[in-house]
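Have a look at structure_9.json; it's JSON, C-alpha atoms:
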```
[["chain", "number", "residue", "atom", "x", "y", "z"],
["A", 1, "MET", "CA", 13.51, 36.69, 60.99],
["A", 2, "VAL", "CA", 11.01, 33.84, 60.98],
["A", 3, "ASP", "CA", 7.37, 34.84, 60.72],
["A", 4, "ILE", "CA", 6.11, 32.96, 63.77],
["A", 5, "ASP", "CA", 2.79, 34.81, 63.62],
["A", 6, "ALA", "CA", 2.07, 33.30, 60.19],
["A", 7, "VAL", "CA", 2.70, 29.81, 61.56],
["A", 8, "ASN", "CA", 0.62, 30.48, 64.70],
["A", 9, "GLU", "CA", -2.19, 31.93, 62.62],
["A", 10, "TYR", "CA", -2.18, 28.86, 60.40],
["A", 11, "PHE", "CA", -2.47, 26.48, 63.35],
["A", 12, "GLN", "CA", -4.58, 28.83, 65.49],
["A", 13, "THR", "CA", -2.53, 27.77, 68.50],
["A", 14, "PRO", "CA", 0.61, 29.43, 69.78],
["A", 15, "ILE", "CA", 3.83, 27.66, 68.84],
["A", 16, "VAL", "CA", 7.02, 28.65, 70.58],
["A", 17, "VAL", "CA", 10.02, 28.33, 68.29],
["A", 18, "PRO", "CA", 13.28, 29.81, 69.59],
["A", 19, "VAL", "CA", 15.33, 31.60, 66.92],
["A", 20, "PRO", "CA", 18.89, 32.00, 68.23],
["A", 21, "ALA", "CA", 21.40, 33.84, 66.05],
["A", 22, "GLY", "CA", 19.18, 33.85, 62.99],
["A", 23, "ALA", "CA", 18.88, 30.06, 62.72],
["A", 24, "LEU", "CA", 15.62, 28.28, 63.40],
["A", 25, "ARG", "CA", 15.74, 25.38, 65.84],
["A", 26, "ARG", "CA", 13.10, 22.88, 66.81],
["A", 27, "THR", "CA", 12.96, 21.57, 70.33],
["A", 28, "LYS", "CA", 11.53, 18.21, 71.26],
["A", 29, "ARG", "CA", 8.87, 20.00, 73.27],
["A", 30, "ASN", "CA", 7.66, 21.94, 70.21],
["A", 31, "ARG", "CA", 7.37, 18.79, 68.12],
["A", 32, "VAL", "CA", 5.46, 16.99, 70.88],
["A", 33, "SER", "CA", 3.09, 19.94, 71.28],
["A", 34, "LEU", "CA", 2.44, 19.85, 67.52],
["A", 35, "GLU", "CA", 1.78, 16.12, 67.51],
["A", 36, "GLU", "CA", -0.41, 16.26, 70.60],
["A", 37, "SER", "CA", -2.43, 19.19, 69.27],
["A", 38, "GLY", "CA", -4.80, 16.79, 67.50],
["A", 39, "ARG", "CA", -4.08, 18.40, 64.14],
["A", 40, "PRO", "CA", -4.12, 16.16, 61.06],
["A", 41, "THR", "CA", -0.80, 14.71, 59.98],
["A", 42, "GLU", "CA", -0.81, 16.83, 56.80],
["A", 43, "GLU", "CA", -0.89, 20.04, 58.84],
["A", 44, "ILE", "CA", 1.96, 18.84, 61.04],
["A", 45, "GLU", "CA", 3.99, 17.94, 57.95],
["A", 46, "ARG", "CA", 3.29, 21.38, 56.44],
["A", 47, "ALA", "CA", 4.50, 23.03, 59.63],
["A", 48, "ILE", "CA", 7.64, 20.91, 59.63],
["A", 49, "ARG", "CA", 8.28, 21.77, 55.97],
["A", 50, "TYR", "CA", 7.75, 25.46, 56.78],
["A", 51, "GLU", "CA", 10.27, 25.30, 59.61],
["A", 52, "PHE", "CA", 12.75, 23.48, 57.37],
["A", 53, "THR", "CA", 12.36, 26.17, 54.70],
["A", 54, "GLN", "CA", 12.97, 28.86, 57.27],
["A", 55, "THR", "CA", 16.04, 27.05, 58.55],
["A", 56, "ALA", "CA", 17.41, 26.75, 55.03],
["A", 57, "ARG", "CA", 16.90, 30.48, 54.50],
["A", 58, "ALA", "CA", 18.70, 31.25, 57.77],
["A", 59, "VAL", "CA", 21.96, 29.64, 56.61],
["A", 60, "PRO", "CA", 24.16, 32.36, 55.09],
["A", 61, "ASP", "CA", 24.67, 32.04, 51.31],
["A", 62, "GLY", "CA", 22.74, 28.77, 51.38],
["A", 63, "GLY", "CA", 25.98, 27.02, 52.25],
["A", 64, "ALA", "CA", 26.74, 24.38, 54.81],
["A", 65, "PRO", "CA", 29.70, 24.05, 57.17],
["A", 66, "ALA", "CA", 32.84, 22.55, 55.64],
["A", 67, "TRP", "CA", 32.58, 19.42, 57.78],
["A", 68, "ALA", "CA", 29.05, 18.80, 56.50],
["A", 69, "VAL", "CA", 30.12, 19.20, 52.88],
["A", 70, "ASP", "CA", 33.03, 16.79, 53.45],
["A", 71, "MET", "CA", 30.76, 14.30, 55.20],
["A", 72, "GLN", "CA", 28.28, 14.41, 52.33],
["A", 73, "ALA", "CA", 31.08, 13.85, 49.79],
["A", 74, "ASN", "CA", 32.37, 10.87, 51.80],
["A", 75, "LEU", "CA", 28.89, 9.39, 52.09],
["A", 76, "LEU", "CA", 28.26, 9.77, 48.36],
["A", 77, "ALA", "CA", 31.61, 8.11, 47.56],
["A", 78, "ALA", "CA", 30.84, 5.22, 49.93],
["A", 79, "GLN", "CA", 27.38, 4.85, 48.43],
["A", 80, "ALA", "CA", 28.78, 4.75, 44.88],
["A", 81, "SER", "CA", 31.36, 2.16, 45.94],
["A", 82, "LEU", "CA", 28.74, -0.05, 47.59],
["A", 83, "LEU", "CA", 26.40, 0.19, 44.60],
["A", 84, "ALA", "CA", 29.21, -0.79, 42.22],
["A", 85, "GLU", "CA", 30.09, -3.75, 44.45],
["A", 86, "MET", "CA", 26.46, -4.86, 44.63],
["A", 87, "ARG", "CA", 26.10, -4.67, 40.84],
["A", 88, "ALA", "CA", 29.28, -6.71, 40.35],
["A", 89, "LEU", "CA", 28.18, -9.33, 42.87],
["A", 90, "LEU", "CA", 24.74, -9.56, 41.27],
["A", 91, "ASN", "CA", 26.19, -9.87, 37.78],
["A", 92, "ASN", "CA", 28.73, -12.50, 38.84],
["A", 93, "SER", "CA", 26.19, -14.55, 40.76],
["A", 94, "HIS", "CA", 24.39, -15.21, 37.45],
["A", 95, "ALA", "CA", 27.51, -16.17, 35.49],
["A", 96, "TYR", "CA", 27.05, -19.95, 35.22],
["A", 97, "ASN", "CA", 28.15, -20.43, 31.62],
["A", 98, "GLY", "CA", 31.85, -20.28, 30.75],
["A", 99, "ASP", "CA", 31.25, -17.57, 28.12],
["A", 100, "GLN", "CA", 29.45, -15.20, 30.47],
["A", 101, "ARG", "CA", 31.24, -12.01, 31.44],
["A", 102, "ILE", "CA", 32.33, -11.45, 35.05],
["A", 103, "VAL", "CA", 32.85, -8.05, 36.64],
["A", 104, "PRO", "CA", 35.57, -7.25, 39.17],
["A", 105, "VAL", "CA", 34.55, -6.01, 42.60],
["A", 106, "ILE", "CA", 36.48, -2.75, 42.73],
["A", 107, "ILE", "CA", 38.39, -1.64, 45.80],
["A", 108, "PRO", "CA", 38.42, 2.19, 45.85],
["A", 109, "GLY", "CA", 41.85, 3.71, 45.33],
["A", 110, "VAL", "CA", 43.49, 0.45, 44.20],
["A", 111, "PRO", "CA", 43.93, -0.32, 40.47],
["A", 112, "ILE", "CA", 42.34, -3.54, 39.21],
["A", 113, "PRO", "CA", 44.97, -6.21, 38.42],
["A", 114, "ILE", "CA", 45.61, -6.82, 34.72],
["A", 115, "GLU", "CA", 45.18, -10.54, 35.39],
["A", 116, "PHE", "CA", 41.49, -10.17, 36.22],
["A", 117, "PRO", "CA", 39.62, -12.52, 33.86],
["A", 118, "ALA", "CA", 36.87, -11.22, 31.60],
["A", 119, "LYS", "CA", 34.81, -14.43, 31.44],
["A", 120, "ARG", "CA", 34.04, -17.30, 33.75],
["A", 121, "LYS", "CA", 36.00, -19.83, 31.68],
["A", 122, "GLU", "CA", 39.07, -17.57, 31.95],
["A", 123, "PHE", "CA", 38.51, -17.42, 35.71],
["A", 124, "MET", "CA", 38.45, -21.20, 35.92],
["A", 125, "ALA", "CA", 41.77, -21.33, 34.01],
["A", 126, "LEU", "CA", 43.66, -18.98, 36.38],
["A", 127, "THR", "CA", 47.16, -20.10, 37.32],
["A", 128, "ALA", "CA", 48.51, -20.14, 40.87],
["A", 129, "LYS", "CA", 50.48, -16.92, 40.23],
["A", 130, "GLN", "CA", 47.42, -15.11, 38.87],
["A", 131, "CYS", "CA", 45.35, -16.36, 41.80],
["A", 132, "ASN", "CA", 47.95, -15.06, 44.26],
["A", 133, "GLN", "CA", 47.85, -11.60, 42.64],
["A", 134, "LEU", "CA", 44.05, -11.51, 42.87],
["A", 135, "LEU", "CA", 44.17, -12.77, 46.46],
["A", 136, "ASP", "CA", 46.56, -9.92, 47.30],
["A", 137, "TYR", "CA", 44.23, -7.43, 45.58],
["A", 138, "TYR", "CA", 41.23, -8.61, 47.61],
["A", 139, "GLN", "CA", 43.37, -9.04, 50.76],
["A", 140, "ILE", "CA", 42.46, -12.71, 51.12],
["A", 141, "PRO", "CA", 45.03, -15.07, 52.67],
["A", 142, "ALA", "CA", 46.63, -17.41, 50.11],
["A", 143, "ILE", "CA", 45.90, -20.82, 51.61],
["A", 144, "GLY", "CA", 45.64, -24.14, 49.82],
["A", 145, "GLY", "CA", 45.94, -25.16, 46.20],
["A", 146, "VAL", "CA", 44.81, -23.39, 43.06],
["A", 147, "ASP", "CA", 41.23, -24.70, 43.35],
["A", 148, "MET", "CA", 40.89, -23.40, 46.92],
["A", 149, "LYS", "CA", 42.33, -20.03, 45.87],
["A", 150, "ARG", "CA", 39.92, -19.79, 42.93],
["A", 151, "ARG", "CA", 37.03, -20.63, 45.25],
["A", 152, "ALA", "CA", 38.12, -17.94, 47.74],
["A", 153, "ILE", "CA", 38.33, -15.30, 44.99],
["A", 154, "GLY", "CA", 35.05, -16.51, 43.51],
["A", 155, "GLU", "CA", 33.27, -16.13, 46.84],
["A", 156, "ARG", "CA", 34.61, -12.57, 47.16],
["A", 157, "ILE", "CA", 33.43, -11.56, 43.68],
["A", 158, "GLY", "CA", 30.11, -13.42, 43.93],
["A", 159, "LEU", "CA", 30.66, -16.41, 41.64],
["A", 160, "ARG", "CA", 28.72, -19.56, 42.41],
["A", 161, "PHE", "CA", 30.33, -22.97, 42.15]]
```
Is it possible to express this structure as C-alpha coordinates?
Amino acid sequence: MVDIDAVNEYFQTPIVVPVPAGALRRTKRNRVSLEESGRPTEEIERAIRYEFTQTARAVPDGGAPAWAVDMQANLLAAQASLLAEMRALLNNSHAYNGDQRIVPVIIPGVPIPIEFPAKRKEFMALTAKQCNQLLDYYQIPAIGGVDMKRRAIGERIGLRF
(Lines of atoms letter the chains of each structure in order from A and count residues from 1; the text may use other names and numbers.)
(Lines give C-alpha, C1' and ligand atoms only; values in the text may rest on other atoms or scores of the structure.)
Protein backbone atom coordinates (compact mmCIF):
# COMPACT_ATOMS: atom_id res chain seq x y z
CA MET A 1 0.00 0.00 0.00
CA VAL A 2 1.23 3.47 -0.89
CA ASP A 3 1.75 5.83 2.01
CA ILE A 4 -0.39 8.70 0.72
CA ASP A 5 -0.27 10.40 4.12
CA ALA A 6 3.52 10.76 3.85
CA VAL A 7 3.15 12.43 0.46
CA ASN A 8 0.31 14.68 1.68
CA GLU A 9 2.28 15.62 4.77
CA TYR A 10 5.27 16.53 2.63
CA PHE A 11 3.24 18.83 0.39
CA GLN A 12 0.86 19.96 3.15
CA THR A 13 -1.99 19.72 0.66
CA PRO A 14 -4.17 16.70 0.02
CA ILE A 15 -3.26 14.73 -3.08
CA VAL A 16 -5.68 12.14 -4.37
CA VAL A 17 -3.89 9.21 -5.96
CA PRO A 18 -6.06 6.19 -6.82
CA VAL A 19 -4.38 2.85 -6.10
CA PRO A 20 -6.28 0.14 -8.00
CA ALA A 21 -5.16 -3.47 -7.58
CA GLY A 22 -1.93 -2.56 -5.83
CA ALA A 23 -0.51 -0.47 -8.68
CA LEU A 24 -0.13 3.28 -8.39
CA ARG A 25 -1.60 5.36 -11.19
CA ARG A 26 -1.37 9.05 -11.87
CA THR A 27 -4.28 10.86 -13.42
CA LYS A 28 -3.95 14.00 -15.47
CA ARG A 29 -5.96 15.82 -12.84
CA ASN A 30 -3.46 14.93 -10.10
CA ARG A 31 -0.52 16.16 -12.15
CA VAL A 32 -2.30 19.43 -12.96
CA SER A 33 -3.17 19.96 -9.30
CA LEU A 34 0.50 19.44 -8.40
CA GLU A 35 1.70 21.87 -11.05
CA GLU A 36 -0.92 24.47 -10.19
CA SER A 37 -0.20 24.23 -6.47
CA GLY A 38 2.52 26.86 -6.78
CA ARG A 39 5.12 24.48 -5.36
CA PRO A 40 8.68 24.75 -6.65
CA THR A 41 9.62 22.48 -9.53
CA GLU A 42 11.99 20.49 -7.30
CA GLU A 43 9.14 19.52 -4.98
CA ILE A 44 6.98 18.46 -7.92
CA GLU A 45 9.85 16.38 -9.30
CA ARG A 46 10.37 14.75 -5.88
CA ALA A 47 6.69 13.86 -5.73
CA ILE A 48 6.82 12.39 -9.23
CA ARG A 49 9.93 10.37 -8.31
CA TYR A 50 8.16 9.16 -5.15
CA GLU A 51 5.15 8.02 -7.17
CA PHE A 52 7.41 6.29 -9.68
CA THR A 53 9.20 4.46 -6.86
CA GLN A 54 5.89 3.35 -5.44
CA THR A 55 4.74 2.15 -8.85
CA ALA A 56 7.94 0.17 -9.30
CA ARG A 57 7.42 -1.47 -5.91
CA ALA A 58 3.84 -2.37 -6.83
CA VAL A 59 4.90 -4.53 -9.79
CA PRO A 60 5.20 -8.14 -8.59
CA ASP A 61 8.78 -9.49 -8.53
CA GLY A 62 9.97 -6.24 -10.10
CA GLY A 63 9.16 -7.72 -13.49
CA ALA A 64 7.41 -6.24 -16.46
CA PRO A 65 4.82 -7.79 -18.78
CA ALA A 66 6.22 -10.02 -21.52
CA TRP A 67 5.16 -7.59 -24.25
CA ALA A 68 7.10 -4.78 -22.55
CA VAL A 69 10.23 -6.91 -22.26
CA ASP A 70 9.95 -7.88 -25.95
CA MET A 71 9.39 -4.26 -26.95
CA GLN A 72 12.44 -3.14 -25.01
CA ALA A 73 14.57 -5.86 -26.63
CA ASN A 74 13.35 -4.81 -30.09
CA LEU A 75 14.05 -1.15 -29.37
CA LEU A 76 17.56 -1.92 -28.11
CA ALA A 77 18.28 -4.02 -31.22
CA ALA A 78 17.01 -1.23 -33.50
CA GLN A 79 19.07 1.32 -31.60
CA ALA A 80 22.23 -0.80 -31.91
CA SER A 81 21.60 -1.26 -35.63
CA LEU A 82 21.09 2.47 -36.20
CA LEU A 83 24.20 3.37 -34.21
CA ALA A 84 26.30 0.90 -36.21
CA GLU A 85 24.93 2.35 -39.46
CA MET A 86 25.65 5.90 -38.34
CA ARG A 87 29.23 4.99 -37.37
CA ALA A 88 29.80 3.31 -40.74
CA LEU A 89 28.36 6.27 -42.64
CA LEU A 90 30.46 8.71 -40.63
CA ASN A 91 33.63 6.68 -41.14
CA ASN A 92 33.01 6.26 -44.87
CA SER A 93 32.19 9.92 -45.40
CA HIS A 94 35.78 10.76 -44.39
CA ALA A 95 37.43 8.15 -46.62
CA TYR A 96 38.87 10.37 -49.37
CA ASN A 97 42.23 8.67 -49.80
CA GLY A 98 42.44 5.35 -51.63
CA ASP A 99 44.22 3.69 -48.69
CA GLN A 100 41.58 4.63 -46.13
CA ARG A 101 39.46 1.83 -44.71
CA ILE A 102 35.72 1.72 -45.45
CA VAL A 103 33.14 0.02 -43.25
CA PRO A 104 30.09 -1.85 -44.55
CA VAL A 105 26.66 -0.66 -43.51
CA ILE A 106 25.28 -3.84 -41.99
CA ILE A 107 21.76 -5.06 -42.66
CA PRO A 108 20.58 -7.02 -39.59
CA GLY A 109 20.10 -10.73 -40.22
CA VAL A 110 21.87 -10.72 -43.60
CA PRO A 111 25.55 -11.77 -43.88
CA ILE A 112 27.93 -9.22 -45.38
CA PRO A 113 29.05 -10.21 -48.90
CA ILE A 114 32.62 -11.50 -49.17
CA GLU A 115 33.15 -9.06 -52.05
CA PHE A 116 32.83 -6.02 -49.79
CA PRO A 117 36.03 -4.00 -50.25
CA ALA A 118 38.21 -3.09 -47.29
CA LYS A 119 39.61 0.17 -48.69
CA ARG A 120 38.40 2.93 -50.95
CA LYS A 121 40.79 2.03 -53.77
CA GLU A 122 39.40 -1.53 -53.72
CA PHE A 123 35.90 -0.06 -53.88
CA MET A 124 36.82 1.97 -56.94
CA ALA A 125 38.15 -1.21 -58.62
CA LEU A 126 34.93 -3.25 -58.16
CA THR A 127 33.83 -5.24 -61.20
CA ALA A 128 30.29 -5.28 -62.56
CA LYS A 129 29.65 -8.70 -60.98
CA GLN A 130 30.86 -7.54 -57.56
CA CYS A 131 28.78 -4.37 -57.87
CA ASN A 132 25.68 -6.42 -58.68
CA GLN A 133 26.21 -8.57 -55.57
CA LEU A 134 26.55 -5.48 -53.38
CA LEU A 135 23.52 -3.88 -55.04
CA ASP A 136 21.52 -7.03 -54.22
CA TYR A 137 22.77 -6.91 -50.62
CA TYR A 138 21.67 -3.29 -50.20
CA GLN A 139 18.49 -3.89 -52.26
CA ILE A 140 19.37 -1.18 -54.77
CA PRO A 141 18.20 -1.61 -58.38
CA ALA A 142 21.06 -2.46 -60.77
CA ILE A 143 20.76 0.31 -63.35
CA GLY A 144 23.47 1.69 -65.61
CA GLY A 145 27.14 0.91 -66.03
CA VAL A 146 29.75 0.02 -63.45
CA ASP A 147 30.41 3.66 -62.53
CA MET A 148 26.72 4.32 -61.85
CA LYS A 149 26.50 1.13 -59.78
CA ARG A 150 29.57 2.10 -57.75
CA ARG A 151 28.08 5.55 -57.17
CA ALA A 152 24.76 4.02 -56.00
CA ILE A 153 26.55 1.70 -53.56
CA GLY A 154 28.81 4.54 -52.44
CA GLU A 155 25.83 6.76 -51.66
CA ARG A 156 24.27 3.96 -49.58
CA ILE A 157 27.44 3.39 -47.54
CA GLY A 158 28.27 7.10 -47.21
CA LEU A 159 31.22 7.51 -49.58
CA ARG A 160 31.72 10.91 -51.15
CA PHE A 161 32.72 11.27 -54.77
Work out how far CA of Ala64 (chain A) is from CA of Leu76 (chain A), in Å to one decimal.
16.0 Å
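In this model, the gap between CA of Asp136 (chain A) and CA of Val105 (chain A) comes to 13.5 Å.
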Can you list, as a ChimeraX atom specification, every protein, DNA or RNA residue that comes within 12 Å of Arg156 (chain A) when you count only C-alpha atoms, leaving out same-chain residues fewer than 5 positions away?
/A:85-86,88-90,92-93,103-107,134-135,137-140,149-151
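Distance annotation: of A:Val69, A:Ala118, A:Ala84, A:Ala77, the residue with the minimal separation from Ile102 (chain A) is A:Ala118; atom set is all atoms listed in the file.
A straight line drawn from CA of Thr127 (chain A) to CA of Met148 (chain A) is 11.9 Å long.
Minimum atom-to-atom distance to Phe123 (chain A), evaluated using all atoms listed in the file, belongs to A:Leu159 out of A:Ile143, A:Leu159, A:Val110, A:Ala80.
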